[in-house]
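Novice: structure20.cif is reproduced in full below (mmCIF, N, CA and C atoms).
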```
data_target
loop_
_atom_site.label_atom_id
_atom_site.label_comp_id
_atom_site.auth_asym_id
_atom_site.auth_seq_id
_atom_site.Cartn_x
_atom_site.Cartn_y
_atom_site.Cartn_z
N MET A 1 92.76 -182.99 -142.56
CA MET A 1 92.00 -181.83 -142.17
C MET A 1 92.76 -181.13 -141.03
N SER A 2 92.84 -179.83 -141.11
CA SER A 2 93.60 -179.09 -140.11
C SER A 2 92.83 -179.03 -138.79
N HIS A 3 93.57 -178.70 -137.74
CA HIS A 3 92.97 -178.62 -136.41
C HIS A 3 91.92 -177.52 -136.33
N ILE A 4 92.14 -176.41 -137.03
CA ILE A 4 91.19 -175.31 -137.01
C ILE A 4 89.87 -175.73 -137.65
N MET A 5 89.93 -176.47 -138.72
CA MET A 5 88.71 -176.95 -139.38
C MET A 5 87.95 -177.91 -138.47
N LYS A 6 88.68 -178.77 -137.76
CA LYS A 6 88.03 -179.70 -136.84
C LYS A 6 87.31 -178.95 -135.72
N VAL A 7 87.94 -177.90 -135.20
CA VAL A 7 87.33 -177.11 -134.13
C VAL A 7 86.07 -176.42 -134.65
N PHE A 8 86.13 -175.82 -135.86
CA PHE A 8 84.95 -175.16 -136.42
C PHE A 8 83.82 -176.16 -136.69
N LEU A 9 84.18 -177.32 -137.16
CA LEU A 9 83.18 -178.36 -137.41
C LEU A 9 82.52 -178.79 -136.10
N LEU A 10 83.30 -178.97 -135.06
CA LEU A 10 82.77 -179.34 -133.75
C LEU A 10 81.85 -178.24 -133.21
N LEU A 11 82.26 -176.99 -133.34
CA LEU A 11 81.41 -175.89 -132.89
C LEU A 11 80.10 -175.83 -133.66
N ALA A 12 80.14 -176.08 -134.95
CA ALA A 12 78.92 -176.07 -135.76
C ALA A 12 77.97 -177.17 -135.31
N VAL A 13 78.50 -178.33 -135.01
CA VAL A 13 77.66 -179.44 -134.54
C VAL A 13 77.04 -179.10 -133.19
N ILE A 14 77.81 -178.53 -132.29
CA ILE A 14 77.30 -178.16 -130.96
C ILE A 14 76.20 -177.12 -131.09
N ILE A 15 76.39 -176.14 -131.95
CA ILE A 15 75.37 -175.10 -132.15
C ILE A 15 74.10 -175.71 -132.72
N CYS A 16 74.22 -176.60 -133.67
CA CYS A 16 73.04 -177.23 -134.27
C CYS A 16 72.27 -178.05 -133.23
N ILE A 17 72.97 -178.81 -132.42
CA ILE A 17 72.32 -179.64 -131.41
C ILE A 17 71.63 -178.77 -130.36
N SER A 18 72.32 -177.74 -129.87
CA SER A 18 71.72 -176.90 -128.84
C SER A 18 70.52 -176.12 -129.37
N THR A 19 70.57 -175.68 -130.62
CA THR A 19 69.44 -174.98 -131.22
C THR A 19 68.25 -175.91 -131.36
N ALA A 20 68.50 -177.14 -131.77
CA ALA A 20 67.41 -178.11 -131.90
C ALA A 20 66.79 -178.42 -130.54
N GLN A 21 67.60 -178.55 -129.50
CA GLN A 21 67.09 -178.82 -128.16
C GLN A 21 66.24 -177.66 -127.65
N MET A 22 66.70 -176.44 -127.84
CA MET A 22 65.96 -175.28 -127.36
C MET A 22 64.65 -175.12 -128.12
N GLY A 23 64.67 -175.37 -129.41
CA GLY A 23 63.45 -175.25 -130.20
C GLY A 23 62.43 -176.28 -129.83
N ARG A 24 62.87 -177.45 -129.44
CA ARG A 24 61.95 -178.52 -129.09
C ARG A 24 61.32 -178.28 -127.73
N GLN A 25 62.06 -177.70 -126.79
CA GLN A 25 61.56 -177.52 -125.44
C GLN A 25 60.86 -176.18 -125.24
N SER A 26 61.11 -175.24 -126.09
CA SER A 26 60.58 -173.90 -125.91
C SER A 26 59.06 -173.91 -125.92
N GLY A 27 58.45 -173.34 -124.88
CA GLY A 27 57.01 -173.25 -124.81
C GLY A 27 56.32 -174.57 -124.53
N ARG A 28 57.04 -175.58 -124.11
CA ARG A 28 56.45 -176.88 -123.86
C ARG A 28 56.24 -177.09 -122.37
N CYS A 29 55.05 -177.46 -122.01
CA CYS A 29 54.74 -177.81 -120.64
C CYS A 29 54.48 -179.31 -120.58
N LEU A 30 54.62 -179.87 -119.41
CA LEU A 30 54.33 -181.29 -119.24
C LEU A 30 52.84 -181.58 -119.38
N CYS A 31 52.04 -180.68 -118.85
CA CYS A 31 50.60 -180.89 -118.80
C CYS A 31 49.91 -180.12 -119.92
N GLU A 32 49.50 -180.82 -120.93
CA GLU A 32 48.73 -180.18 -121.98
C GLU A 32 47.27 -180.10 -121.59
N ARG A 33 46.82 -181.07 -120.82
CA ARG A 33 45.44 -181.08 -120.30
C ARG A 33 45.51 -181.31 -118.80
N VAL A 34 44.57 -180.75 -118.07
CA VAL A 34 44.49 -180.99 -116.63
C VAL A 34 43.14 -181.61 -116.30
N ARG A 35 43.12 -182.38 -115.21
CA ARG A 35 41.89 -183.02 -114.77
C ARG A 35 41.33 -182.28 -113.57
N ASN A 36 40.04 -182.29 -113.46
CA ASN A 36 39.37 -181.71 -112.31
C ASN A 36 38.99 -182.76 -111.29
N ILE A 37 39.27 -184.03 -111.58
CA ILE A 37 38.94 -185.12 -110.67
C ILE A 37 40.04 -185.23 -109.63
N ILE A 38 39.66 -185.21 -108.38
CA ILE A 38 40.62 -185.27 -107.29
C ILE A 38 40.74 -186.72 -106.83
N PRO A 39 41.96 -187.27 -106.81
CA PRO A 39 42.12 -188.66 -106.37
C PRO A 39 42.03 -188.77 -104.85
N SER A 40 41.72 -189.96 -104.38
CA SER A 40 41.76 -190.18 -102.94
C SER A 40 43.22 -190.31 -102.51
N LYS A 41 43.52 -189.85 -101.31
CA LYS A 41 44.92 -189.86 -100.84
C LYS A 41 45.48 -191.29 -100.79
N SER A 42 44.63 -192.26 -100.51
CA SER A 42 45.11 -193.64 -100.40
C SER A 42 45.52 -194.21 -101.74
N ASN A 43 45.07 -193.61 -102.82
CA ASN A 43 45.37 -194.10 -104.16
C ASN A 43 46.58 -193.40 -104.78
N VAL A 44 47.11 -192.36 -104.12
CA VAL A 44 48.19 -191.56 -104.66
C VAL A 44 49.54 -192.13 -104.23
N LYS A 45 50.39 -192.39 -105.21
CA LYS A 45 51.74 -192.87 -104.93
C LYS A 45 52.71 -191.70 -104.79
N GLU A 46 52.58 -190.72 -105.71
CA GLU A 46 53.53 -189.62 -105.75
C GLU A 46 52.87 -188.38 -106.34
N VAL A 47 53.26 -187.23 -105.81
CA VAL A 47 52.81 -185.94 -106.35
C VAL A 47 54.05 -185.11 -106.60
N LYS A 48 54.19 -184.62 -107.82
CA LYS A 48 55.31 -183.75 -108.16
C LYS A 48 54.76 -182.40 -108.57
N ILE A 49 55.37 -181.37 -108.01
CA ILE A 49 54.98 -180.01 -108.34
C ILE A 49 56.13 -179.36 -109.09
N TYR A 50 55.85 -178.91 -110.30
CA TYR A 50 56.85 -178.27 -111.13
C TYR A 50 56.54 -176.78 -111.17
N GLN A 51 57.47 -175.97 -110.73
CA GLN A 51 57.31 -174.53 -110.74
C GLN A 51 57.44 -174.00 -112.18
N ALA A 52 56.95 -172.80 -112.40
CA ALA A 52 57.05 -172.16 -113.71
C ALA A 52 58.53 -171.93 -114.05
N THR A 53 58.88 -172.12 -115.30
CA THR A 53 60.24 -171.94 -115.78
C THR A 53 60.21 -171.13 -117.07
N ILE A 54 61.36 -170.97 -117.67
CA ILE A 54 61.40 -170.27 -118.95
C ILE A 54 60.78 -171.11 -120.06
N PHE A 55 60.66 -172.42 -119.83
CA PHE A 55 60.10 -173.31 -120.84
C PHE A 55 58.58 -173.44 -120.71
N CYS A 56 58.07 -173.27 -119.49
CA CYS A 56 56.63 -173.38 -119.23
C CYS A 56 56.27 -172.32 -118.19
N ASP A 57 55.31 -171.48 -118.53
CA ASP A 57 55.02 -170.33 -117.67
C ASP A 57 53.96 -170.59 -116.61
N ARG A 58 53.68 -171.84 -116.31
CA ARG A 58 52.68 -172.14 -115.28
C ARG A 58 53.16 -173.24 -114.34
N VAL A 59 52.55 -173.27 -113.16
CA VAL A 59 52.84 -174.33 -112.19
C VAL A 59 52.08 -175.57 -112.64
N GLU A 60 52.76 -176.73 -112.56
CA GLU A 60 52.14 -177.98 -112.98
C GLU A 60 52.20 -178.99 -111.85
N ILE A 61 51.10 -179.71 -111.66
CA ILE A 61 51.03 -180.73 -110.62
C ILE A 61 50.77 -182.07 -111.31
N VAL A 62 51.72 -182.99 -111.18
CA VAL A 62 51.62 -184.30 -111.81
C VAL A 62 51.42 -185.34 -110.70
N VAL A 63 50.32 -186.08 -110.78
CA VAL A 63 49.98 -187.10 -109.80
C VAL A 63 50.24 -188.46 -110.41
N THR A 64 50.92 -189.32 -109.64
CA THR A 64 51.11 -190.70 -110.04
C THR A 64 50.33 -191.58 -109.08
N LYS A 65 49.42 -192.38 -109.62
CA LYS A 65 48.62 -193.27 -108.79
C LYS A 65 49.41 -194.56 -108.53
N LYS A 66 48.94 -195.36 -107.60
CA LYS A 66 49.62 -196.60 -107.25
C LYS A 66 49.67 -197.59 -108.40
N ASN A 67 48.72 -197.49 -109.33
CA ASN A 67 48.74 -198.38 -110.49
C ASN A 67 49.65 -197.87 -111.61
N GLY A 68 50.33 -196.72 -111.38
CA GLY A 68 51.27 -196.18 -112.36
C GLY A 68 50.68 -195.14 -113.29
N PHE A 69 49.37 -194.97 -113.27
CA PHE A 69 48.71 -193.99 -114.14
C PHE A 69 49.07 -192.58 -113.69
N ARG A 70 49.42 -191.71 -114.64
CA ARG A 70 49.80 -190.34 -114.34
C ARG A 70 48.85 -189.37 -115.02
N TYR A 71 48.56 -188.30 -114.30
CA TYR A 71 47.78 -187.22 -114.89
C TYR A 71 48.07 -185.93 -114.17
N CYS A 72 47.60 -184.84 -114.74
CA CYS A 72 47.86 -183.50 -114.21
C CYS A 72 46.60 -182.94 -113.56
N LEU A 73 46.83 -182.17 -112.50
CA LEU A 73 45.73 -181.50 -111.80
C LEU A 73 45.82 -180.00 -112.01
N ASP A 74 44.68 -179.35 -111.92
CA ASP A 74 44.61 -177.90 -112.05
C ASP A 74 45.00 -177.28 -110.70
N PRO A 75 46.13 -176.58 -110.61
CA PRO A 75 46.57 -176.03 -109.33
C PRO A 75 45.68 -174.90 -108.81
N GLU A 76 44.78 -174.38 -109.64
CA GLU A 76 43.91 -173.28 -109.22
C GLU A 76 42.69 -173.76 -108.44
N LEU A 77 42.36 -175.05 -108.53
CA LEU A 77 41.18 -175.56 -107.85
C LEU A 77 41.40 -175.62 -106.34
N ASP A 78 40.39 -175.22 -105.58
CA ASP A 78 40.48 -175.27 -104.12
C ASP A 78 40.68 -176.69 -103.62
N ALA A 79 39.99 -177.65 -104.24
CA ALA A 79 40.11 -179.05 -103.82
C ALA A 79 41.54 -179.57 -104.02
N VAL A 80 42.19 -179.15 -105.08
CA VAL A 80 43.57 -179.57 -105.33
C VAL A 80 44.50 -178.95 -104.28
N GLN A 81 44.28 -177.69 -103.94
CA GLN A 81 45.11 -177.04 -102.93
C GLN A 81 44.92 -177.70 -101.56
N LYS A 82 43.69 -178.12 -101.25
CA LYS A 82 43.44 -178.82 -99.98
C LYS A 82 44.12 -180.19 -99.97
N LEU A 83 44.06 -180.89 -101.11
CA LEU A 83 44.73 -182.19 -101.21
C LEU A 83 46.23 -182.03 -101.00
N LEU A 84 46.83 -181.05 -101.63
CA LEU A 84 48.26 -180.83 -101.47
C LEU A 84 48.61 -180.47 -100.04
N ALA A 85 47.79 -179.66 -99.41
CA ALA A 85 48.03 -179.28 -98.02
C ALA A 85 47.96 -180.51 -97.11
N SER A 86 47.03 -181.41 -97.39
CA SER A 86 46.92 -182.60 -96.54
C SER A 86 48.06 -183.58 -96.79
N LEU A 87 48.60 -183.58 -98.00
CA LEU A 87 49.71 -184.49 -98.30
C LEU A 87 51.02 -184.02 -97.70
N VAL A 88 51.21 -182.72 -97.61
CA VAL A 88 52.47 -182.20 -97.10
C VAL A 88 52.41 -181.82 -95.62
N LYS A 89 51.24 -182.02 -95.01
CA LYS A 89 51.10 -181.71 -93.60
C LYS A 89 52.02 -182.62 -92.79
N PRO A 90 52.85 -182.06 -91.91
CA PRO A 90 53.75 -182.90 -91.13
C PRO A 90 52.97 -183.75 -90.13
N LYS A 91 53.41 -184.99 -89.98
CA LYS A 91 52.77 -185.88 -89.02
C LYS A 91 53.25 -185.55 -87.62
N THR A 92 52.31 -185.45 -86.72
CA THR A 92 52.68 -185.17 -85.33
C THR A 92 52.66 -186.45 -84.54
N THR A 93 53.61 -186.56 -83.63
CA THR A 93 53.68 -187.75 -82.78
C THR A 93 53.18 -187.37 -81.40
N ALA A 94 52.35 -188.23 -80.84
CA ALA A 94 51.79 -187.93 -79.52
C ALA A 94 52.49 -188.72 -78.45
#
```
Using the file provided, produce a representation of the structure as structure tokens.
Specialist:
Amino acid sequence: MSHIMKVFLLLAVIICISTAQMGRQSGRCLCERVRNIIPSKSNVKEVKIYQATIFCDRVEIVVTKKNGFRYCLDPELDAVQKLLASLVKPKTTA
């Protein structure tokens, strides 16, 4: 097989893979459902905030509890915004 054919074959494979990846991720958000239940701060291990992207047009908040259970919160709720504010509030030393 000539070198030109190998290059075209490689390009075709790259195009197929990238098209499949884009089609799979397009319009996909991490959070298909959100919870309105606010966890206690002592039970929260980690909070990740994902900004809107070309793949998902909304802000997503993923909470990981200490037992490993993960779920999404509604960023529009006042209680969720208060929880986030209390989690990111800098600790002051006296």
Novice: Dump as a ChimeraX atom specification all residues having an atom at most 9 Å from (49.5, -196.8, -108.6), computed in the file's coordinates with only C-alpha atoms.
Specialist: /A:43-46,64-70
Novice: Enumerate as JSON, numbers by chain all residues of chain A assigned to strand (DSSP E or B) by DSSP on the backbone, naming them with the chain letters and numbers the document uses.
Specialist: {"A": [35, 44, 45, 46, 47, 48, 49, 50, 60, 61, 62, 63, 64, 65, 70, 71, 72, 73]}
Novice: Would you translate the PyMOL selection byres (((chain A and resi 47 and name CA) around 6) and name CA) into the concrete set of residues it matches in this file, as a list in words?
Specialist: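 Listing what the PyMOL selection byres (((chain A and resi 47 and name CA) around 6) and name CA) selects in the shown file: Glu46, Lys48, Val62 and Val63 of chain A.
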Novice: Considering all atoms listed in the file, state which residue in the set A:Cys72, A:Val88, A:Val7, A:Leu83 is at the smallest distance from A:Val34.
Specialist: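 Of A:Cys72, A:Val88, A:Val7, A:Leu83, the one nearest A:Val34 is A:Cys72, counting all atoms listed in the file.
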Novice: Could you spell out the hits of the PyMOL selection byres ((chain A and resi 73-78) around 5) on the shown file, as an MDAnalysis selection string?
Specialist: chainID A and resid 34:35 61 71:72 79:82
Novice: Please, what distance in Å, to one decimal, runs between atom CA of A:Asn36 and atom CA of A:Ser86?
Specialist: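 Distance reported for this atom pair: 17.5 Å.
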Novice: Any chance you could work out the axis-aligned box around stretch 27-31 of chain A, listed atoms only, 3 Å on each side, giving centre and edge lengths in Å to one decimal, as AutoDock Vina command-line options?
Specialist:
```
--center_x 54.2 --center_y -177.4 --center_z -121.8 --size_x 14.5 --size_y 14.3 --size_z 12.1
```
Novice: How many Å lie between atom N of A:Leu84 and atom CA of A:Cys56, rounded to one decimal?
Specialist: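 Answer for the atom N of A:Leu84 to atom CA of A:Cys56 separation: 21.6 Å.
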Novice: Counting only C-alpha atoms, figure out which residue out of A:Val59, A:Cys16, A:Met5, A:Ile54 gets nearest to A:Cys31.
Specialist: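 Nearest to A:Cys31: A:Val59.
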Novice: Could you state the separation of atom C of A:Phe55 and atom N of A:Leu30 in Å, given to one decimal place?
Specialist: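 Straight-line distance from atom C of A:Phe55 to atom N of A:Leu30 works out to 7.7 Å.
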Novice: Nearest residue to A:Glu32 out of A:Ala85, A:Ile15, A:Arg58, A:Ser2, using only C-alpha atoms?
Specialist: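 Between A:Ala85, A:Ile15, A:Arg58, A:Ser2, the residue approaching A:Glu32 most closely is A:Arg58.
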